[in-house]
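The next block holds one structure in the form of structure tokens; read it before the comments.
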2 protein chains.
Amino acid sequence: MRWDALEEEPCSMARTIGVIGDRWTLLILRECFLRTRRFEGFQSALGITRHLLAERLKKLVRQGVLRRIPYQEAPKRHEYILTQKGLDLYPIMMAIVHWGDTHMVDTRGRPLLHEHRKCGKNFDPVMVCSECGEPLSAKEVHTHPGPGARSTPAIQAPEKPKARARRSAA
Amino acid sequence: MRWDALEEEPCSMARTIGVIGDRWTLLILRECFLRTRRFEGFQSALGITRHLLAERLKKLVRQGVLRRIPYQEAPKRHEYILTQKGLDLYPIMMAIVHWGDTHMVDTRGRPLLHEHRKCGKNFDPVMVCSECGEPLSAKEVHTHPGPGARSTPAIQAPEKPKARARRSAA
DNA sequence: TCTTTATAGTTCTAAAAACGAACTGTCAAT
DNA sequence: ATTGACAGTTCGTTTTTAGAACTATAAAGA
């Protein structure tokens, strides 16, 4: 499967994975949420090769997740900042962090605490139903096709030749 | 950076990315949540190469996200099912789907709708604060080091020689 | 019985992606 | 005139992934 094909899939998850579904991109986005904005900042925080970093930033800009904004002339320099589309990735980031906090911490406990300014407390992110406000879990959710569904809700294999015609000749 | 190094990072996000942060793994997990359990099921739904599929499944089992359970003897066959650790990935999956629903749909609308059995309505997942129940956004959250923090909360570049000695001598 | 099919992999080669290091270019400061 | 900060680009090597074929076990079919 070519990865740009992902964005054509009739599956919001596949499309999203096509945008942010690789390791460096996710780490770059983590840095964005930690207020990193410049090329050197990303590079030295992550240790990513400059080549890949340039490519990933370009892609995120192309996708509308980051905006490239000049912060000085002569020489032209730009910063990369999250668009609203990028800021909307926050729940994904928090969900990832929270899973790590729950299942991947060592004996010393979680590396980072999150304080909610509104209520002043350290919190965990909880995913709830927009309609009734109850916390969600996989088993309480039933999926069915929406208006954008194609015949197949999932990614389809490339037409599997079906391995027939084994005895047809020879 | 070697990818197994990610799991050593003092960052829950990096550690999680070390487990699920690649495209095929995320797609495999999507299939798991859609009730796929067997090798051939994953392979034909995704079009992933058998080689990679075998490797990814092995890794997810090693990480405790999937359990490999025999469903017949002679020949020995196994199913891959989500552990609790795996089921706990649900908020990540939903957050990814929701972002795609919001930002990546074409004109026809979202491919899949989600119904909350408890309240019977189609819903969107919303991430809220565990303490006050208010929806979260990036700007309302302040992070600070937790007990598992090392000096550096972020991934550190490999020791950058730092190019100092700017005025000290020479 | 001999062949095909279903299932779950493994093995092999070629192609693609990532790594790592060096290089380019602009400007400010020394 | 040289060095350093910054933001990349280029290039040769290594690692990963793709794609196809092959192995193995057992049931079903001709």
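Ligands are numbered from 1 in the order shown, residues from 1 within each chain, and chains are lettered A, B, ... in the order they appear in the structure tokens.
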Give me the residues of chain C that have any atom at most 8 Å from an atom of chain B; for each, the nearest atom pair and the distance in Å, rounded to one decimal. Use only C-alpha atoms (C1' of nucleotides), sort by chain and number, and format it as a Markdown table.
```
| residue | atom | partner | partner_atom | distance |
| --- | --- | --- | --- | --- |
| C:DT7 | C1' | B:Glu40 | CA | 7.2 |
| C:DA8 | C1' | B:Phe39 | CA | 6.6 |
| C:DG9 | C1' | B:Ala54 | CA | 7.4 |
| C:DT10 | C1' | B:His51 | CA | 7.8 |
```
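The list of residues with at least one atom within 10 Å of DT10 of chain D, based on only C-alpha atoms (C1' of nucleotides) and without residues fewer than 4 positions apart in the same chain, reads His51 of chain A; DA22, DC23 and DT24 of chain C.
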Pairing every Cα of chain A with chain B in order, what RMSD remains after the least-squares superposition?
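With all C-alpha atoms paired in order, the RMSD is 2.1 Å.
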Would you mind listing, for every residue of chain D within 10 Å of chain B, the two atoms forming the shortest contact and the distance between them in Å to one decimal, using only C-alpha atoms (C1' of nucleotides), sorted by chain and ascending residue number, as JSON lines?
```
{"residue": "D:DT3", "atom": "C1'", "partner": "B:Arg166", "partner_atom": "CA", "distance": 9.0}
{"residue": "D:DG4", "atom": "C1'", "partner": "B:Arg166", "partner_atom": "CA", "distance": 8.9}
{"residue": "D:DT16", "atom": "C1'", "partner": "B:Leu52", "partner_atom": "CA", "distance": 9.9}
{"residue": "D:DT17", "atom": "C1'", "partner": "B:Leu52", "partner_atom": "CA", "distance": 7.8}
{"residue": "D:DA18", "atom": "C1'", "partner": "B:Thr49", "partner_atom": "CA", "distance": 7.0}
{"residue": "D:DG19", "atom": "C1'", "partner": "B:Thr49", "partner_atom": "CA", "distance": 7.6}
{"residue": "D:DA20", "atom": "C1'", "partner": "B:Thr49", "partner_atom": "CA", "distance": 9.9}
{"residue": "D:DA24", "atom": "C1'", "partner": "B:Pro75", "partner_atom": "CA", "distance": 9.1}
{"residue": "D:DT25", "atom": "C1'", "partner": "B:Pro75", "partner_atom": "CA", "distance": 5.2}
{"residue": "D:DA26", "atom": "C1'", "partner": "B:Pro75", "partner_atom": "CA", "distance": 6.5}
```
Taking the DSSP assignment computed from this structure's backbone, write out as a VMD selection string all residues of segment 7-150 of chain B that belong to strand (DSSP E).
chain B and resid 66 to 72 77 to 82 112 to 116 125 to 129 141 to 145
Among segment 29-117 of chain B, which ones does DSSP place in alpha helix (DSSP H), written as a PyMOL selection string?
chain B and resi 29-33+39-46+50-62+84-87+90-103
Do a neighbour search on Met104 of chain B at 8 Å with only C-alpha atoms (C1' of nucleotides), toss out local chain neighbours closer than 4 positions, and write the hits as an MDAnalysis selection string.
(chainID A and resid 12 15:16) or (chainID B and resid 99:100)
Filtering to N, CA and C atoms, could you give me those residues as a compact mmCIF listing (two decimals), in the first residue's frame?
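Written output follows (result_34.txt):
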```txt
# COMPACT_ATOMS: atom_id res chain seq x y z
N SER A 12 -12.03 7.37 8.56
CA SER A 12 -11.42 8.55 9.17
C SER A 12 -10.14 8.20 9.89
N ARG A 15 -7.37 7.88 7.21
CA ARG A 15 -7.00 9.21 6.70
C ARG A 15 -6.15 9.97 7.71
N THR A 16 -6.53 9.85 8.95
CA THR A 16 -5.75 10.54 9.98
C THR A 16 -4.37 9.93 10.10
N TRP B 99 -10.87 13.14 14.95
CA TRP B 99 -10.13 14.19 14.23
C TRP B 99 -10.32 14.02 12.72
N GLY B 100 -10.24 12.78 12.27
CA GLY B 100 -10.48 12.52 10.85
C GLY B 100 -11.89 12.92 10.44
```
Do you have the atom CA of Arg62 of chain A-atom C1' of DA21 of chain C distance handy?
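That distance, rounded to one decimal, is 28.1 Å.
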